[in-house]
Each structure stands twice: as structure tokens, then as C-alpha cells.
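Notes to accompany the following structure.
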Amino acid sequence: MITYLIKRILSAVPLLFGLVTLVFLITRLLPGDPTLLFISPKVPPHIAAQLRTEFGLDQPMMVQYVRWLAGIASGELGFSFTHQRAVVDVIGNAFLNTALLAGAAIILEVVIGVLIGILAAQYRHSFLERWISYGGLVIYTMPAFWVATLLLLLFSQALGILPSSHMHSIGAEHLNPFDYCLDLLKHLILPSLTLALPGAAGLARFVHTQLATTMRQQYIITARSFGFSDRKILLKYALPNALLPVITLVGLELGGLLSGALVTETIFAWPGIGRITVTAIFARDYPLILGCTIISGIVVILGNLIADVLYTAVDPRVKVTS
Amino acid sequence: MGSSLFILFIIAFTYIRFDLMKASFLSLALTPIYSIMHLQLNPIYIRAALIEYWLASFAWCSILVMGCWLLFQKKENKLIAERLFFAISPAWRPNRSTLKKSTFGIYTLSIFLGIAVLGPFLVPLDPINQGDLETTRFLAPMQTAVAWEDISITVPTEAAYGSIEKALRDANNFLLARKVKYTRSEQEKVEHKEQGTKFHVLFLFGTDALGRDVFSRVIYGTRISLGIGIIVAALSMILGMGIGFLSGIIGGMLDKFLMRVIDVLLSLPPLVLIISLFSVLGGSIEVLIIALALSGWMGVARLVRGEVLKLREQEFILAAKLLGVSYIGIIRNHLLPNILPTILTASVLQLVNSIMGEAALSFLGLGIQPPTASWGNMIGESIIYLSSAWWIGIFPGIALSFFAISAQLVAEGIQECQK
């Protein structure tokens with residue numbers, strides 16, 4: 001197990017290396033050089049040249065690349081023009097908010113998805129199963145911004161029970177801790193539902209087919225012939241096996257969510273990494289854009305790593321082969 | 001469903017004015033040549049029109065294919081259809097229930113394509129004409145207004161299409177032909193009578209914040225979204241299949257290297273990759289297409305490589321190799337027919353993905369820029385008016401959902417054919 005763990009972690013290192021190289025290449029795809037982005041054409045040429053020397057852009061490509069690698073390795077991602085702070089600080093603050101949103105979304109997604117999947121598998125060949133699969137298809141194909149539009153129309157316009165944007169109400173910092181959390185929770189519901197619903201629909205479809213195939217296995221028939229109750233068969237024998245691949249799915253999803261849900265965070269004005277990326281793009285804040293790109297890549301790679309490790313930890317059959 | 005497609009054509013042909021058709025088709029034929037000659041010199045509006053014409057040529061081909069498909073639905077033709085499908089792929093044996101399941105999807109997709117191609121004949125109003133703001137902004141669906149055809153913009157009927165540029169300009173005028181003026185009071189009638197003829201306009205889906213007809217915008221949005229979606233899907237399929245075959249057949253170090261590259265590219269969330277490419281390359285329709293295509297091919301390449309690896313070890317490929325068939329021959333005669341269903345499924349899903357990607361970018365304000373309508377930017381514009389005008393965003397959203405669902409059904413239908 002430990003050798004597998006070490007092997008798996010080491011295999012992520014070239015990926016990280018490739019990611020950083022890719023981002024370096026993207027910056028160098030530009031015609032001209034990066035200073036053209038923030039130096040106006042009116043700046044006299046000798047000052048521009050001086051700036052280039054200052055940024056080390058007159059060095060050969062390989063030297064620049066090594067410097068870039070060294071900078072990343074020491075946790076230096078540059079300085080954000082718009083926030084007037086180090087990129088690491090800006091992202092660090094936003095990451096907590098994104099983690100809160102992603103955590104809530106994942107929990108909602110797993111609970112809704114698995115429950116509905118079980119429901120559909122339990123009532124096979126029935127009216128309920130057919131409508132669950134139709135509804136699942138409709139929701140599964142919806143993009144985030146369309147789900148968000150519908151949720152906002154329903155909960156925030158028609159019913160008027162949930163706030164439509166931001167993380168806190170105005171003046172929330174003066175509330176007592178309990179009300180503060182309640183306020184936060186209210187603001188959390190719509191964005192996390194937006195993120196969770198399409199994923200939950202996909203998960204429900206997956207769990208449904210998985211359970212349907214598991215229920216046809218020989219050991220389920222054996223259990224049934226022993227006279228176990230349906231409930232026991234489902235919960236003790238069928239479900240754990242059917243849910244194993246879900247771990248991988250959720251792990252992959254978590255990586256994507258933690259790297260910032262660009263659209264959802266923008267709609268709900270949630271101050272996370274996704275929103276920071278979008279505002280950085282509109283402000284043409286290149287160090288921040290590249291920083292966000294690197295962080296999202298790293299988070300996704302870590303998410304995949306955790307999913308793999310968890311899967312081997314839970315499923316004893318995988319350990320033997322590794 | 002078949003009859004609704006028929007009705008669509010009837011509507012189209014009642015609208016047709018042959019002078020306009022001449023301009024439209026002439027430019028359709030000439031645009032590719034023109035685009036090769038002067039792509040860089042084009043003003044922006046011609047580039048938007050260019051996308052539409054590319055779409056039109058794609059869509060006419062697809063409509064032909066769909067027409068054949070409809071023809072084969074008749075009982076006596078069914079045998080021919082099945083033979084045809086077998087000729088395409090020996091691995092594809094469709095049964096009746098599967099065909100039934102994806103029929104809904106295929107009809108809906110063909111209706112979307114029909115709407116996209118016949119767009120200019122279907123729109124009652126110019127999609128970017130703002131009209132009289134005071135009278136027409138935020139009209140609810142099914143409301144009417146009195147409109148006056150503006151006589152100053154008429155389409156040249158007896159113009160001689162001497163040059164390519166003139167044909168294109170006329171075609172572009174044709175796209176903007178239905179410019180109308182709205183009046184609020186009856187007193188203005190006399191003044192307007194001299195300018196043009198009066199007619200009532202029905203805003204089927206209402207109007208948006210700038211008084212533009214949402215129905216016309218949804219139809220034009222279909223053209224843009226589908227056009228970009230089809231081009232991007234085609235590009236990324238070509239790229240993905242090429243790289244997939246290359247690394248699957250040649251193998252060795254090249255395979256390892258390409259797979260690592262794909263791993264790295266996949267480790268970025270798709271939207272982040274598109275946006276970082278987009279922000280670096282600058283924003284225009286061409287860059288949007290390139291960025292979407294560059295970020296969409298990895299899944300296809302992996303899929304194709306996997307299929308090739310599976311087939312490569314089989315005896316018939318080995319036999320072909322021993323007989324001295326070239327790589328190209330093996331791909332064309334042995335591999336391609338066997339993985340065709342997989343490729344078809346992937347390309348349908350790729351179409352959905354690229355349309356969703358375009359919509360998400362346009363929603364954020366990075367993709368198609370506002371005067372031009374696309375489903376994504378219409379929903380994006382509607383978000384701030386949710387409390388007062390729900391109809392602005394709902395209709396493009398419904399179109400988007402319908403498209404995605406029908407494409408998903410088609411993809412699932414093809415997937416089941418494999419089993």
C-alpha cells in the first residue's frame with residue numbers, strides 16, 4: 001500500500017511539471033513579449049527596454065524558463081496589478097470561500113444523486129423510474145448558467161425566500177454567531193444547488209445503472225435464496241459494490257469544483273477563485289490569470305490523486321493487483 | 001414530427017423572395033473564395049456573416065442527409081437503409097427500438113438545423129434593430145406593436161451582381177432588410193405613411209431591454225451557436241482522431257509523450273484552459289473557434305487511441321500487416337469502419353460540448369459580443385432583468401436545453417447500436 005502510495009504521488013510530479021511548462025508556453029504564445037500588455041505604446045522605447053531588463057525578458061528563453069520554475073517552486077506567483085497584492089495572497093483568501101461552496105455542492109450532489117438513483121433502481125419498470133430517467137436527462141444536459149437562471153427565477157423572484165447573490169447580507173458582521181451562520185447558509189443554498197443539480201442527475205443515472213447490473217449478480221441471487229430481506233440485500237450487499245466507482249467520480253468532480261466554478265461564482269457574486277479569474281480576465285491582470293490557471297491545474301491533479309488513493313483504500317481487490 | 005419539418009419548409013417558401021434568394025445564394029457560393037482572398041481586411045460585420053454562410057453550407061449538406069434518412073423511414077425503403085448502414089460500418093447493427101429511441105432526437109436536431117439555415121426567412125424582424133425604445137422595450141410575449149417599414153433601406157432587386165464585394169454587401173443588406181420603425185401614437189401615422197407601409201408586428205417571445213425582438217434573436221442565435229458549434233466540433237474531431245490514430249498505431253515513445261501531453265491538458269478545467277488561451281490570443285470569433293477546438297480534442301484522442309489499441313491486437317489487423325497493407329490502408333479499411341459508431345457518438349457529444357462552451361463564454365461576456373445574438377449572451381444579458389422580464393433569458397435557455405437533450409438522445413441511440 002505504501003509503495004503504491006509513493007508511486008502514485010511520484011506520478012503526479014511530471015504532470016505538475018508539464019502544467020507549469022504549459023502555462024509558460026501560453027504566456028510566450030504572444031506576438032512580441034508580455035510587457036506589451038501593460039506598457040502603452042506612448043512609453044519611450046528606452047524606458048520600455050529598461051523595464052524588459054528589469055523583468056528579465058532580455059535573457060534567453062531557457063534562462064527565463066528556469067527562473068520561472070524557480071519562482072513557482074518557491075511559491076512566488078507574481079504581483080496582481082488590480083489587487084495590488086501578491087497573487088498568492090489573493091488566491092489564498094478566495095480559496096476558502098471556494099472550498100466552502102465546493103464542499104456544500106459535493107455533499108448535496110452525493111446525497112441527492114445516490115438517493116434518487118436508489119429510488120429509480122428500487123422501482124424498476126415503473127412510472128417513477130421512467131420519469132426519473134427523463135427528468136435526469138433534462139437536468140443533466142443543462143449548463144450551469146441556465147440552472148442558475150431557473151433557480152433564481154423560482155426561489156429568489158417568484159417565491160422570494162432566498163437571496164440572489166453575495167456571501168453575506170449587508171451588515172452581517174454585526175449579527176451574533178448563530179444568525180451569522182444562518183445568513184451564510186441562506187446565501188450558500190442557491191449556488192451550491194446550481195453546482196450540485198446537473199452532477200446529481202448524472203450521478204443518479206450512474207447509480208441507477210450500476211445498481212441494476214449489481215442486482216443481477218450471482219451473489220445477490222444467493223443472498224435472496226438465503227431469505228434475507230430486500231432492505232438488507234440492498235444496503236449490505238448491493239449498495240457498497242455499486243457505489244465504489246462513485247468515489248472516483250466524486251473525486252474528479254471535487255477537483256474541478258475546488259478549482260473554481262467560473263460561471264456559478266460569477267452569477268452569484270461568490271468571492272471565490274472562479275470569480276477572481278473572471279474579474280482578472282476583464283481587468284487584463286495577467287499575473288493573476290496565470291496564477292489562477294496554475295492553482296486550478298494543481299487542485300485538479302491533487303483531486304485525481306486523492307480519488308485514486310481513496311479508491312484503493314476502500315476496495316480491497318485493487319490492492320492485490322498493485 | 002416529419003410533418004412539422006414539412007411545414008417549416010412551406011413557411012420558408014412562402015416567405016421567399018427570389019431576388020433575395022439570388023443574393024443569398026450568390027454570396028453563399030462566393031464567400032469561401034472571398035474569405036481566402038481578404039480575411040484580414042474584412043470589416044467585422046462581414047466576418048459575422050461569414051460564419052453564417054459557412055454554417056449554411058454545412059447545414060444544407062446535413063439537411064440532404066436527413067432527407068435521405070426520412071426517405072428510408074418508409075417500409076419499402078427500410079431494407080436499403082439498413083444495407084446502407086451496414087456498408088458504412090459492419091459493427092453497426094441498428095435494431096428497430098434503438099432507431100425509435102433516437103428518432104425524436106434526430107427530428108429535433110433536423111428542425112434546429114432547418115431553423116438555422118432558413119433563419120433569414122423565418123425572422124419577422126431584424127434581430128439587431130432596436131426600434132423605438134420607449135414603445136418596444138420589455139414587451140411581454142405575444143404583444144403587438146404597430147410598425148412602419150423604413151423605406152430608406154430597401155433591398156436592390158434589379159442590381160447587377162458585378163463583383164463579389166457587391167454581392168456580399170447586398171446579401172448583408174438582405175440580412176438587415178427588415179428594419180422597421182415603431183410608432184406610439186396615431187398622429188405620427190401621416191408622417192410615416194410617406195416613408196413606408198404600415199404593418200402590425202407580433203412579438204412572439206417579447207422584446208428585450210433594447211426593444212429587440214427576442215424571437216428573431218433566438219433564431220439568429222441558433223445560426224451563430226450551431227455554426228460555431230459545428231465548426232469547432234469538426235476541427236476538434238479531426239485533431240483528436242489524427243492524434244488518437246497516430247499514438248495508437250505507432251505506439252512507443254510517441255504514444256507515451258502524446259498521452260502525457262493529454263494528461264497535462266486535461267488537468268486544467270476546460271473553461272480555464274479556453275479562457276487562458278482566449279485572454280492571451282485576444283478576442284475575436286476566429287480565436288474563439290481556435291481556443292474551443294484546442295481545448296476539446298483530448299477526450300476524442302484518448303477514446304480513439306483506446307479503441308485502436310483494442311483492435312490492434314486482433315488477428316485480422318495482424319493479417320493485414322503481414323500482407324503488407326500500409327498504415328493508411330489499415331486505418332481506412334480495417335480500423336475506421338470498426339470504430340465508426342464510437343466516432344459518431346463522440347462527434348455528437350463534441351457538438352454539444354462546443355455549443356455549451358461557446359454559450360458559457362458568451363454568457364460571461366467573453367465570446368460572441370452583444371449586437372450579434374447567441375444563446376449564451378442572450379441568457380447573460382437577461383440575468384440582470386430577471387425581476388422584471390423573465391422572457392428574455394427563458395427562450396434561448398429552452399432552445400439550448402432542447403438541443404442538448406436531443407443530441408444526447410442521438411448519441412445514446414448510436415451507442416446502443418454498438419451493443
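All residue names refer to the C-alpha cells as shown: chains lettered A, B, ... in order, residues numbered from 1 in each chain, ligands numbered from 1 in order.
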
TODO: At a cut-off of 8 Å, list the chain B residues touching chain A, using only C-alpha atoms, as a PyMOL selection string.
DONE: chain B and resi 260-261+263-265+267-269+271-273+276-277+279-281+356+360+363-364+379+383+386-387+390+393+397+401+404-405+408

Open item on the list: Could you go through segment 190-249 of chain B and tell me which residues DSSP, when run on the backbone, assigns to alpha helix (DSSP H), listing them as an NGL selection string?
Closed with: :B and (190-193 or 214-249)

Task: Nearest to Trp375 of chain B by atom-to-atom distance, counting only C-alpha atoms, from B:Gln143, B:Thr207, B:Ser216, B:Ser362 - done: B:Ser362

TODO: May I ask for the distance between atom CA of Ser406 of chain B and atom CA of Ile230 of chain B, given in Å to one decimal place?
DONE: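 Atom-to-atom, atom CA of Ser406 of chain B and atom CA of Ile230 of chain B are spaced 15.3 Å apart.
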
Task: Non-local contacts of Asn97 of chain A (10 Å; only C-alpha atoms; under 3 positions in same chain excluded) as a list in words - done: Gly92, Asn93, Ala94, Leu100, Leu101, Ala102, Gly103, Met167, Leu258, Gly260, Trp270, Pro271, Gly272 and Ile273 of chain A

Those same residues - C-alpha atoms - I'd like them written as a short mmCIF file (atom, residue, chain, number, x, y, z; two decimals), in the first residue's frame.
data_model
loop_
_atom_site.label_atom_id
_atom_site.label_comp_id
_atom_site.auth_asym_id
_atom_site.auth_seq_id
_atom_site.Cartn_x
_atom_site.Cartn_y
_atom_site.Cartn_z
CA GLY A 92 -5.40 32.12 -0.70
CA ASN A 93 -8.28 34.27 0.57
CA ALA A 94 -10.57 33.18 -2.23
CA LEU A 100 -16.94 26.08 1.35
CA LEU A 101 -19.04 26.23 -1.82
CA ALA A 102 -17.46 23.09 -3.31
CA GLY A 103 -17.92 21.12 -0.08
CA MET A 167 -21.92 35.57 0.52
CA LEU A 258 -12.26 23.40 -5.98
CA GLY A 260 -13.38 27.45 -9.06
CA TRP A 270 -19.46 34.45 -4.69
CA PRO A 271 -15.96 35.71 -3.84
CA GLY A 272 -14.10 32.54 -4.82
CA ILE A 273 -11.35 31.57 -7.26
#

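We find atom CA of Asp89 of chain A and atom CA of Leu288 of chain A to be spaced 10.6 Å apart.
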
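Among A:Asp315, A:Phe226, A:Val111, A:Phe268, the residue with the shortest atom-to-atom distance to Leu162 of chain A, counting only C-alpha atoms, is A:Phe268.
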